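Participant: Dropping in protein09.txt, which is compact mmCIF, C-alpha atoms and all ligand atoms:
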# COMPACT_ATOMS: atom_id res chain seq x y z
CA MET K 1 3.97 -16.46 -43.57
CA THR K 2 3.44 -15.14 -40.05
CA ALA K 3 5.35 -16.85 -37.26
CA PRO K 4 3.17 -19.00 -34.97
CA VAL K 5 2.49 -17.38 -31.62
CA GLY K 6 4.73 -18.67 -28.87
CA PRO K 7 3.87 -19.49 -25.25
CA GLY K 8 6.17 -16.76 -23.83
CA PRO K 9 3.43 -14.79 -22.04
CA VAL K 10 2.10 -17.96 -20.42
CA TRP K 11 5.58 -18.92 -19.18
CA ASP K 12 6.12 -15.38 -17.91
CA VAL K 13 3.04 -15.72 -15.71
CA VAL K 14 3.89 -19.22 -14.51
CA ASN K 15 7.45 -18.11 -13.78
CA GLY K 16 6.10 -15.18 -11.76
CA LEU K 17 5.51 -17.60 -8.89
CA ALA K 18 9.04 -18.99 -9.17
CA ALA K 19 10.45 -15.46 -9.23
CA PHE K 20 8.49 -14.62 -6.08
CA GLY K 21 9.83 -17.83 -4.50
CA ALA K 22 13.39 -16.75 -5.34
CA LEU K 23 12.89 -13.32 -3.78
CA SER K 24 11.21 -14.80 -0.71
CA ALA K 25 13.98 -17.36 -0.18
CA ALA K 26 16.70 -14.74 -0.68
CA LEU K 27 15.07 -12.51 1.93
CA GLU K 28 14.62 -15.40 4.36
CA LEU K 29 18.26 -16.44 3.90
CA GLY K 30 19.43 -12.86 4.46
CA LEU K 31 21.12 -12.87 1.02
CA PHE K 32 20.72 -9.14 0.31
CA ASP K 33 21.98 -8.21 3.79
CA ALA K 34 24.98 -10.52 3.26
CA LEU K 35 25.93 -8.51 0.17
CA ALA K 36 25.41 -5.10 1.80
CA GLU K 37 29.16 -4.62 2.39
CA GLY K 38 30.14 -5.66 -1.15
CA GLY K 39 29.97 -8.40 -3.80
CA LEU K 40 30.87 -12.04 -3.05
CA PRO K 41 31.55 -15.22 -5.06
CA PRO K 42 28.95 -18.00 -4.49
CA ASP K 43 31.08 -20.06 -2.09
CA ASP K 44 31.70 -17.06 0.20
CA LEU K 45 28.05 -16.08 -0.11
CA ALA K 46 26.98 -19.62 0.83
CA ALA K 47 29.27 -19.49 3.87
CA ARG K 48 27.77 -16.15 4.94
CA LEU K 49 24.26 -17.63 4.64
CA SER K 50 25.27 -20.82 6.49
CA ALA K 51 24.01 -22.68 3.39
CA GLU K 52 25.39 -26.15 2.66
CA ASP K 53 24.46 -26.20 -1.02
CA VAL K 54 26.84 -23.85 -2.85
CA ASP K 55 25.41 -24.82 -6.28
CA ALA K 56 21.90 -23.88 -5.14
CA VAL K 57 23.17 -20.54 -3.79
CA ALA K 58 24.93 -19.90 -7.13
CA LEU K 59 21.74 -20.73 -9.04
CA LEU K 60 19.60 -18.56 -6.77
CA ALA K 61 22.08 -15.70 -7.26
CA ASP K 62 21.99 -16.15 -11.07
CA VAL K 63 18.19 -16.06 -10.99
CA LEU K 64 18.31 -12.82 -8.98
CA VAL K 65 20.76 -11.39 -11.53
CA SER K 66 18.32 -12.34 -14.32
CA LEU K 67 15.55 -10.56 -12.41
CA GLY K 68 17.60 -7.36 -12.11
CA LEU K 69 17.96 -7.61 -8.32
CA LEU K 70 21.70 -8.48 -8.35
CA THR K 71 24.53 -7.81 -10.78
CA GLY K 72 27.09 -10.45 -11.63
CA ASP K 73 30.21 -10.94 -13.73
CA GLY K 74 30.18 -14.74 -13.63
CA ARG K 75 32.55 -14.80 -10.62
CA ALA K 76 30.86 -12.71 -7.95
CA VAL K 77 27.43 -11.18 -7.40
CA ALA K 78 26.61 -7.78 -5.92
CA LEU K 79 23.56 -5.68 -5.12
CA THR K 80 21.93 -3.53 -7.80
CA PRO K 81 20.94 -0.02 -6.68
CA VAL K 82 17.32 -1.27 -6.40
CA ALA K 83 18.33 -4.11 -4.07
CA GLU K 84 20.54 -1.79 -2.05
CA ARG K 85 17.69 0.66 -1.48
CA PHE K 86 14.70 -1.68 -1.15
CA LEU K 87 15.88 -5.17 -0.18
CA VAL K 88 18.55 -4.60 2.47
CA SER K 89 16.78 -4.76 5.80
CA GLY K 90 18.44 -1.72 7.39
CA SER K 91 17.73 0.69 4.51
CA PRO K 92 15.25 3.47 5.41
CA ALA K 93 13.16 2.56 2.31
CA SER K 94 13.44 -1.18 2.96
CA MET K 95 10.75 -3.48 1.55
CA ALA K 96 12.58 -6.54 2.90
CA ALA K 97 9.83 -7.45 5.37
CA LEU K 98 7.05 -6.46 2.97
CA GLY K 99 8.51 -8.46 0.10
CA ARG K 100 7.54 -11.73 1.75
CA LEU K 101 4.12 -10.63 3.03
CA SER K 102 2.59 -8.41 0.40
CA PRO K 103 0.80 -11.00 -1.73
CA GLY K 104 -1.36 -11.63 1.36
CA PRO K 105 -2.48 -14.98 2.74
CA TRP K 106 -1.42 -17.78 0.41
CA SER K 107 -4.77 -19.58 0.90
CA GLY K 108 -6.50 -16.61 -0.76
CA TRP K 109 -4.62 -17.27 -4.02
CA GLN K 110 -5.20 -21.00 -3.85
CA GLN K 111 -8.93 -20.37 -3.46
CA LEU K 112 -9.28 -17.42 -5.82
CA ALA K 113 -11.34 -19.35 -8.40
CA GLU K 114 -13.82 -20.34 -5.69
CA THR K 115 -13.91 -16.76 -4.35
CA VAL K 116 -14.71 -15.47 -7.85
CA ARG K 117 -17.35 -18.18 -8.31
CA SER K 118 -19.06 -17.65 -4.96
CA GLY K 119 -18.38 -13.94 -4.42
CA ALA K 120 -17.12 -14.62 -0.88
CA VAL K 121 -13.65 -15.03 0.59
CA ALA K 122 -13.26 -18.14 2.77
CA ALA K 123 -13.47 -17.31 6.48
CA GLY K 124 -10.08 -18.95 7.11
CA THR K 125 -8.37 -16.61 4.63
CA ARG K 126 -9.93 -13.58 6.24
CA ASP K 127 -8.74 -14.77 9.66
CA GLU K 128 -5.25 -15.31 8.24
CA LEU K 129 -5.23 -11.75 6.88
CA ASP K 130 -6.38 -10.33 10.24
CA ALA K 131 -3.59 -12.27 11.94
CA MET K 132 -1.08 -10.96 9.37
CA TYR K 133 -2.05 -7.28 9.73
CA PRO K 134 0.25 -6.40 12.66
CA GLU K 135 3.27 -7.76 10.77
CA LEU K 136 2.04 -6.29 7.48
CA VAL K 137 1.64 -2.75 8.84
CA ARG K 138 5.09 -2.93 10.43
CA ALA K 139 6.49 -4.04 7.08
CA THR K 140 4.88 -1.18 5.16
CA ALA K 141 5.86 1.44 7.75
CA PRO K 142 9.14 2.63 6.10
CA THR K 143 7.39 3.31 2.78
CA GLN K 144 4.33 4.87 4.40
CA ARG K 145 6.49 7.15 6.55
CA ALA K 146 8.18 8.43 3.37
CA VAL K 147 4.82 8.93 1.65
CA ALA K 148 3.37 10.78 4.64
CA SER K 149 6.41 13.07 4.92
CA GLY K 150 5.96 13.97 1.24
CA VAL K 151 2.28 14.63 1.86
CA ALA K 152 3.05 16.92 4.83
CA ALA K 153 5.33 18.98 2.58
CA ALA K 154 2.69 19.08 -0.17
CA LEU K 155 -0.01 20.18 2.30
CA ALA K 156 2.27 22.94 3.60
CA GLU K 157 2.90 24.17 0.03
CA ARG K 158 -0.85 24.36 -0.50
CA ASP K 159 -1.58 26.20 2.78
CA LEU K 160 -3.48 23.16 4.06
CA TRP K 161 -1.16 22.39 6.97
CA PRO K 162 -1.83 24.65 9.99
CA SER K 163 0.85 25.05 12.66
CA SER K 164 -1.27 23.09 15.19
CA PRO K 165 -3.40 20.82 13.01
CA THR K 166 -6.05 18.34 14.07
CA VAL K 167 -5.47 15.06 12.23
CA VAL K 168 -7.62 11.92 12.12
CA ASP K 169 -6.19 8.70 10.65
CA LEU K 170 -8.82 6.04 9.94
CA GLY K 171 -7.15 2.61 9.80
CA CYS K 172 -3.89 4.03 11.14
CA GLY K 173 -2.04 0.68 11.02
CA SER K 174 1.52 1.05 12.30
CA GLY K 175 1.01 4.75 13.10
CA ALA K 176 3.59 5.60 10.42
CA TRP K 177 1.40 8.28 8.86
CA LEU K 178 0.67 10.01 12.18
CA ALA K 179 4.33 9.80 13.23
CA ALA K 180 5.53 11.36 9.97
CA LEU K 181 2.77 13.99 9.77
CA LEU K 182 3.27 15.09 13.36
CA ALA K 183 7.07 15.12 13.17
CA ASP K 184 7.22 18.88 12.59
CA ARG K 185 3.93 19.82 14.33
CA PRO K 186 4.49 19.57 18.09
CA GLY K 187 1.21 21.38 18.78
CA ALA K 188 -0.90 18.91 16.79
CA THR K 189 -3.87 16.95 18.05
CA ALA K 190 -4.32 13.55 16.45
CA VAL K 191 -6.69 10.60 16.60
CA GLY K 192 -5.81 7.20 15.14
CA VAL K 193 -8.41 4.45 14.73
CA ASP K 194 -7.73 0.77 14.09
CA LEU K 195 -8.81 -2.71 15.10
CA PRO K 196 -7.73 -4.15 18.48
CA GLY K 197 -5.16 -6.54 17.00
CA VAL K 198 -3.25 -3.75 15.23
CA LEU K 199 -3.57 -0.80 17.59
CA PRO K 200 -0.66 -1.96 19.83
CA VAL K 201 1.67 -1.47 16.84
CA ALA K 202 0.55 2.16 16.50
CA ARG K 203 0.84 2.59 20.26
CA GLU K 204 4.45 1.45 20.08
CA THR K 205 5.29 3.75 17.14
CA LEU K 206 3.63 6.78 18.71
CA GLU K 207 4.85 6.28 22.26
CA GLY K 208 5.94 9.64 23.62
CA VAL K 209 4.32 11.66 20.82
CA ALA K 210 2.16 14.29 22.54
CA GLY K 211 -1.45 14.95 21.58
CA VAL K 212 -2.24 11.52 20.09
CA THR K 213 -5.31 9.48 21.05
CA LEU K 214 -5.65 5.95 19.70
CA LEU K 215 -9.15 4.49 19.47
CA GLU K 216 -9.99 0.83 19.04
CA GLY K 217 -12.86 -0.19 16.76
CA ASP K 218 -14.45 -0.10 13.32
CA TYR K 219 -13.60 3.17 11.61
CA LEU K 220 -17.19 3.46 10.42
CA GLU K 221 -18.54 3.23 13.94
CA VAL K 222 -16.06 4.69 16.41
CA GLU K 223 -17.37 7.94 17.88
CA LEU K 224 -15.49 10.93 16.45
CA ALA K 225 -16.21 14.66 16.51
CA ALA K 226 -17.67 15.86 13.20
CA GLY K 227 -16.45 19.12 11.66
CA SER K 228 -13.18 19.31 13.60
CA ALA K 229 -10.30 17.85 11.56
CA ASP K 230 -7.89 19.75 9.33
CA VAL K 231 -6.68 16.53 7.76
CA VAL K 232 -8.33 13.10 7.63
CA VAL K 233 -6.12 10.26 6.37
CA LEU K 234 -7.49 7.21 4.56
CA ALA K 235 -4.29 5.39 3.65
CA HIS K 236 -4.62 2.00 1.99
CA VAL K 237 -7.99 1.21 3.47
CA LEU K 238 -10.57 1.93 0.76
CA ARG K 239 -9.45 -0.79 -1.65
CA ALA K 240 -9.95 -3.50 0.97
CA GLU K 241 -13.59 -2.52 1.58
CA PRO K 242 -16.60 -3.43 -0.57
CA PRO K 243 -17.70 -0.37 -2.57
CA ALA K 244 -20.64 0.55 -0.29
CA ARG K 245 -18.41 0.61 2.81
CA ALA K 246 -15.60 2.39 0.99
CA ARG K 247 -18.05 5.10 -0.10
CA ALA K 248 -19.43 5.38 3.45
CA LEU K 249 -15.89 5.71 4.80
CA LEU K 250 -15.00 8.53 2.43
CA LEU K 251 -18.28 10.30 3.30
CA ARG K 252 -17.47 9.86 6.99
CA ALA K 253 -14.00 11.32 6.46
CA LEU K 254 -15.55 14.35 4.74
CA GLU K 255 -17.99 14.83 7.64
CA LEU K 256 -15.08 14.95 10.07
CA LEU K 257 -13.47 17.91 8.28
CA ALA K 258 -13.40 21.40 9.72
CA PRO K 259 -13.90 24.21 7.19
CA GLY K 260 -10.85 24.38 4.90
CA GLY K 261 -9.86 20.79 5.68
CA VAL K 262 -8.71 18.03 3.37
CA VAL K 263 -9.16 14.27 3.11
CA VAL K 264 -5.95 12.49 2.09
CA VAL K 265 -6.52 9.18 0.30
CA ALA K 266 -3.53 6.94 -0.45
CA ASP K 267 -4.31 3.97 -2.67
CA TYR K 268 -3.44 2.08 -5.85
CA PRO K 269 -6.25 3.10 -8.21
CA ARG K 270 -6.94 0.70 -11.08
CA PRO K 271 -8.09 2.10 -14.42
CA ASP K 272 -11.58 3.58 -14.67
CA PRO K 273 -14.15 1.55 -16.59
CA VAL K 274 -14.85 2.86 -20.10
CA ALA K 275 -18.24 3.85 -21.49
CA ALA K 276 -17.42 2.80 -25.06
CA PRO K 277 -14.91 0.37 -26.63
CA ASP K 278 -11.41 1.81 -26.43
CA PRO K 279 -8.82 0.50 -28.92
CA ASP K 280 -6.07 1.47 -26.43
CA ARG K 281 -7.62 -0.39 -23.51
CA ALA K 282 -5.14 -3.28 -23.54
CA ALA K 283 -2.22 -0.82 -23.37
CA VAL K 284 -3.90 1.09 -20.53
CA LEU K 285 -4.37 -2.13 -18.56
CA ALA K 286 -0.82 -3.29 -19.29
CA GLY K 287 0.43 0.04 -17.92
CA ALA K 288 -1.64 -0.47 -14.77
CA ARG K 289 -0.62 -4.06 -14.06
CA HIS K 290 0.73 -3.16 -10.60
CA GLU K 291 -2.52 -1.47 -9.55
CA LEU K 292 -4.65 -4.24 -11.11
CA LEU K 293 -2.75 -7.00 -9.34
CA LEU K 294 -2.92 -5.15 -6.02
CA SER K 295 -6.67 -4.84 -6.53
CA LEU K 296 -6.89 -8.58 -7.22
CA THR K 297 -4.85 -9.15 -4.06
CA MET K 298 -7.78 -7.51 -2.25
CA THR K 299 -10.31 -9.77 -3.97
CA ALA K 300 -8.25 -12.81 -2.91
CA ALA K 301 -8.40 -11.95 0.79
CA THR K 302 -11.01 -9.23 1.50
CA ASP K 303 -14.42 -8.02 0.30
CA GLY K 304 -12.70 -5.23 -1.63
CA VAL K 305 -12.08 -5.00 -5.35
CA GLY K 306 -9.73 -2.01 -5.37
CA VAL K 307 -10.82 1.52 -6.21
CA THR K 308 -10.82 3.60 -9.36
CA VAL K 309 -10.40 7.35 -9.72
CA ALA K 310 -13.99 7.40 -11.01
CA ASP K 311 -15.13 5.81 -7.71
CA LEU K 312 -13.30 8.47 -5.70
CA ARG K 313 -14.72 11.27 -7.83
CA SER K 314 -18.25 9.97 -7.59
CA TRP K 315 -18.13 9.26 -3.81
CA ALA K 316 -16.51 12.66 -3.21
CA ALA K 317 -19.25 14.36 -5.25
CA ASP K 318 -21.87 12.55 -3.11
CA GLY K 319 -20.28 14.29 -0.13
CA GLY K 320 -20.16 17.70 -1.82
CA ALA K 321 -16.42 17.41 -2.45
CA ALA K 322 -14.04 16.95 -5.37
CA LEU K 323 -10.55 15.65 -6.15
CA ALA K 324 -8.37 18.70 -5.70
CA ASP K 325 -4.95 17.17 -6.45
CA VAL K 326 -3.10 13.94 -7.17
CA LEU K 327 0.41 13.46 -5.74
CA GLN K 328 3.12 10.81 -6.13
CA PRO K 329 5.35 11.54 -3.11
CA VAL K 330 7.14 8.21 -3.67
CA PRO K 331 7.19 6.24 -6.95
CA ARG K 332 4.12 3.98 -7.31
CA GLN K 333 2.42 5.64 -4.32
CA THR K 334 -0.58 7.68 -5.39
CA VAL K 335 -2.20 10.15 -3.01
CA PHE K 336 -5.41 12.08 -3.66
CA LEU K 337 -6.36 15.31 -1.92
CA ILE K 338 -10.13 15.58 -1.65
CA ARG K 339 -11.71 18.85 -0.59
CA PRO K 340 -15.25 20.07 -0.05
CA GLU K 341 -16.39 22.23 -2.93
CA ALA K 342 -16.95 25.90 -2.18
CA PRO K 343 -20.67 26.67 -2.20
CA ALA K 344 -21.72 28.31 -5.48
CA PRO K 345 -22.01 32.10 -5.11
CA GLU K 346 -25.59 33.22 -4.68
CA ASN K 347 -27.12 34.98 -7.69
CA GLU K 348 -27.37 38.64 -7.05
CA GLU K 349 -30.23 40.23 -8.97
C1 LIG H 401 -3.21 -1.83 4.57
S1 LIG H 401 -3.33 -1.35 6.22
C2 LIG H 401 -2.97 0.38 6.10
C3 LIG H 401 -2.47 0.95 7.38
C4 LIG H 401 -2.08 2.43 7.35
N1 LIG H 401 -3.18 3.29 6.98
C5 LIG H 401 -0.92 2.67 6.40
O1 LIG H 401 -1.15 3.14 5.30
O2 LIG H 401 0.21 2.35 6.79
C6 LIG H 401 -5.09 -1.32 6.52
C7 LIG H 401 -5.41 -1.03 7.98
O3 LIG H 401 -6.82 -0.87 8.14
C8 LIG H 401 -7.20 -1.50 9.35
N2 LIG H 401 -8.62 -1.84 9.28
C9 LIG H 401 -9.22 -2.76 8.48
N3 LIG H 401 -10.54 -2.77 8.71
C10 LIG H 401 -10.79 -1.85 9.67
C11 LIG H 401 -11.96 -1.39 10.33
N4 LIG H 401 -13.16 -1.90 10.02
N5 LIG H 401 -11.85 -0.43 11.25
C12 LIG H 401 -10.64 0.10 11.58
N6 LIG H 401 -9.48 -0.29 10.98
C13 LIG H 401 -9.56 -1.26 10.04
C14 LIG H 401 -6.31 -2.71 9.41
O4 LIG H 401 -6.25 -3.26 10.72
C15 LIG H 401 -4.99 -2.14 8.93
O5 LIG H 401 -4.24 -1.60 9.97
Mind turning this structure into structure tokens?
Facilitator:
Amino acid sequence: MTAPVGPGPVWDVVNGLAAFGALSAALELGLFDALAEGGLPPDDLAARLSAEDVDAVALLADVLVSLGLLTGDGRAVALTPVAERFLVSGSPASMAALGRLSPGPWSGWQQLAETVRSGAVAAGTRDELDAMYPELVRATAPTQRAVASGVAAALAERDLWPSSPTVVDLGCGSGAWLAALLADRPGATAVGVDLPGVLPVARETLEGVAGVTLLEGDYLEVELAAGSADVVVLAHVLRAEPPARARALLLRALELLAPGGVVVVADYPRPDPVAAPDPDRAAVLAGARHELLLSLTMTAATDGVGVTVADLRSWAADGGAALADVLQPVPRQTVFLIRPEAPAPENEE
């Protein structure tokens, strides 16, 4: 007799919200920072957090141990290497600020069924996202700096990184990409484009960096010189756009390239659609849960639905270009290098 199926997967999903709540509360309380110097028993931890309820602190700590974010021996809790690297606020790779913001506006999740039904995100959610962007781009800056530094090294290895490059960053956010790319290129010329609410963050990051111009406006409309850039960056922008605008943006980026240039796309591609039934599809989707959920995060708050590698290939081909390389400079951060295809040699009779 086969055992009846249990509700485990349903509970796992329901508990996902509680797990997020635990992480969020721990970050807000400063729990990971309080353990940065070493492990503590719950009563000392509660005192460090100025928390009255020692039992609640002990329970929260046990939950974080069960989630793999703390270790514990039943007496004291301490940071795991993951928490030390990603959840302590002073760490260079810190996701402490991002951890609380990255699911996007909460109203988008509450209204997701209606968004799916109607095909449109509520205006209030969109406004909330716009208002969140300055904080969000600041929060993603440590990770994006690390990604961009890895990309600069990869471009140099491929002879795609001139000593005085011209760089355009469409949707430059915090300016982290430009700051990291230009760090070892004092002769560079760079243009960053973003919306008025976010541009001050880039201005702050890039203060004192020579050769940078920041332009306010829609990256599909701002006037930019065609045929002049060695590198055009599209980092985490395509998935938030509806497919027609995402395609137009990639085509625009290709038009901006000088001969020999490269478009750098950073995104979280979800799996390509399949032409015929694939018995392994469920396993493929399970392996891409992170990318799928980040794509759904876009659907909850923007007109985007995420991007697939097939989308990038097809849009690149429409612009006479092709995917030249895929990089993972930082775990879970995928970067595509897209380059114009060399014209086919003419037939010599
Ligand atoms: C997820 S953030 C990525 C920021 C940056 N590229 C990075 O990777 O750190 C998306 C950025 O695109 C900007 N953005 C969204 N729509 C835009 C538009 N129509 N024109 C220019 N920038 C836009 C947002 O303001 C935000 O800074």
Participant: What are the closest atom pairs, with distances in Å to one decimal, for all residues of chain K lying within 7 Å of ligand LIG 401 (chain H)? Consider all atoms listed in the file, order rows by chain and residue number, and present the result as CSV.
Facilitator:
residue,atom,partner,partner_atom,distance
K:Tyr133,CA,H:LIG401,O4,5.9
K:Val137,CA,H:LIG401,O2,5.7
K:Thr140,CA,H:LIG401,O2,6.1
K:Ala141,CA,H:LIG401,O2,5.8
K:Gln144,CA,H:LIG401,O2,5.4
K:Leu170,CA,H:LIG401,C12,6.4
K:Gly171,CA,H:LIG401,O3,3.9
K:Cys172,CA,H:LIG401,N1,4.3
K:Gly173,CA,H:LIG401,O5,3.3
K:Ser174,CA,H:LIG401,O2,5.8
K:Gly175,CA,H:LIG401,O2,6.8
K:Ala176,CA,H:LIG401,O2,5.9
K:Trp177,CA,H:LIG401,O2,6.4
K:Val193,CA,H:LIG401,C12,5.8
K:Asp194,CA,H:LIG401,N6,3.7
K:Leu195,CA,H:LIG401,N6,4.8
K:Val198,CA,H:LIG401,O4,5.4
K:Gly217,CA,H:LIG401,N5,5.6
K:Asp218,CA,H:LIG401,N5,3.3
K:Tyr219,CA,H:LIG401,N5,4.0
K:Leu220,CA,H:LIG401,N5,6.7
K:Leu234,CA,H:LIG401,N1,6.3
K:Ala235,CA,H:LIG401,N1,4.1
K:His236,CA,H:LIG401,C2,4.7
K:Val237,CA,H:LIG401,C6,4.9
Participant: As an exercise, work out the distance from atom CA of K:Thr308 to atom CA of K:Val232 in Å and give it to one decimal place.
Facilitator: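 Separation between atom CA of K:Thr308 and atom CA of K:Val232: 19.6 Å.
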Participant: Please, what distance in Å, to one decimal, runs between atom CA of K:Glu341 and atom CA of K:Asp272?
Facilitator: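 Interatomic distance, atom CA of K:Glu341 to atom CA of K:Asp272: 22.6 Å.
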Participant: Write out as an NGL selection string each polymer residue whose atoms come within 9 Å of K:Leu250, counting only C-alpha atoms; drop sequence neighbours fewer than 2 positions from it.
Facilitator: :K and (234 or 238 or 245-248 or 252-255 or 263 or 265 or 312 or 315-316 or 319)
Participant: Show me, as an mmCIF file with C-alpha atoms, keeping the file's coordinate frame, the residues that have an atom within 9 Å of K:Val330 when counting only C-alpha atoms, minus same-chain residues fewer than 4 positions from it.
Facilitator:
data_model
loop_
_atom_site.group_PDB
_atom_site.id
_atom_site.type_symbol
_atom_site.label_atom_id
_atom_site.label_comp_id
_atom_site.auth_asym_id
_atom_site.auth_seq_id
_atom_site.Cartn_x
_atom_site.Cartn_y
_atom_site.Cartn_z
ATOM 1 C CA THR K 143 7.390 3.310 2.780
ATOM 2 C CA ALA K 146 8.180 8.430 3.370
ATOM 3 C CA VAL K 147 4.820 8.930 1.650
ATOM 4 C CA GLY K 150 5.960 13.970 1.240
ATOM 5 C CA THR K 334 -0.580 7.680 -5.390
#
Participant: Using all atoms listed in the file, which of K:Gly16, K:Gly287, K:Pro186, K:Gly261 sits nearest K:Gly208?
Facilitator: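 Closest candidate: K:Pro186.
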Participant: May I ask which of the residues K:Val77, K:Val326, K:Leu17, K:Leu160 is the closest one to K:Pro42, counting all atoms listed in the file?
Facilitator: K:Val77
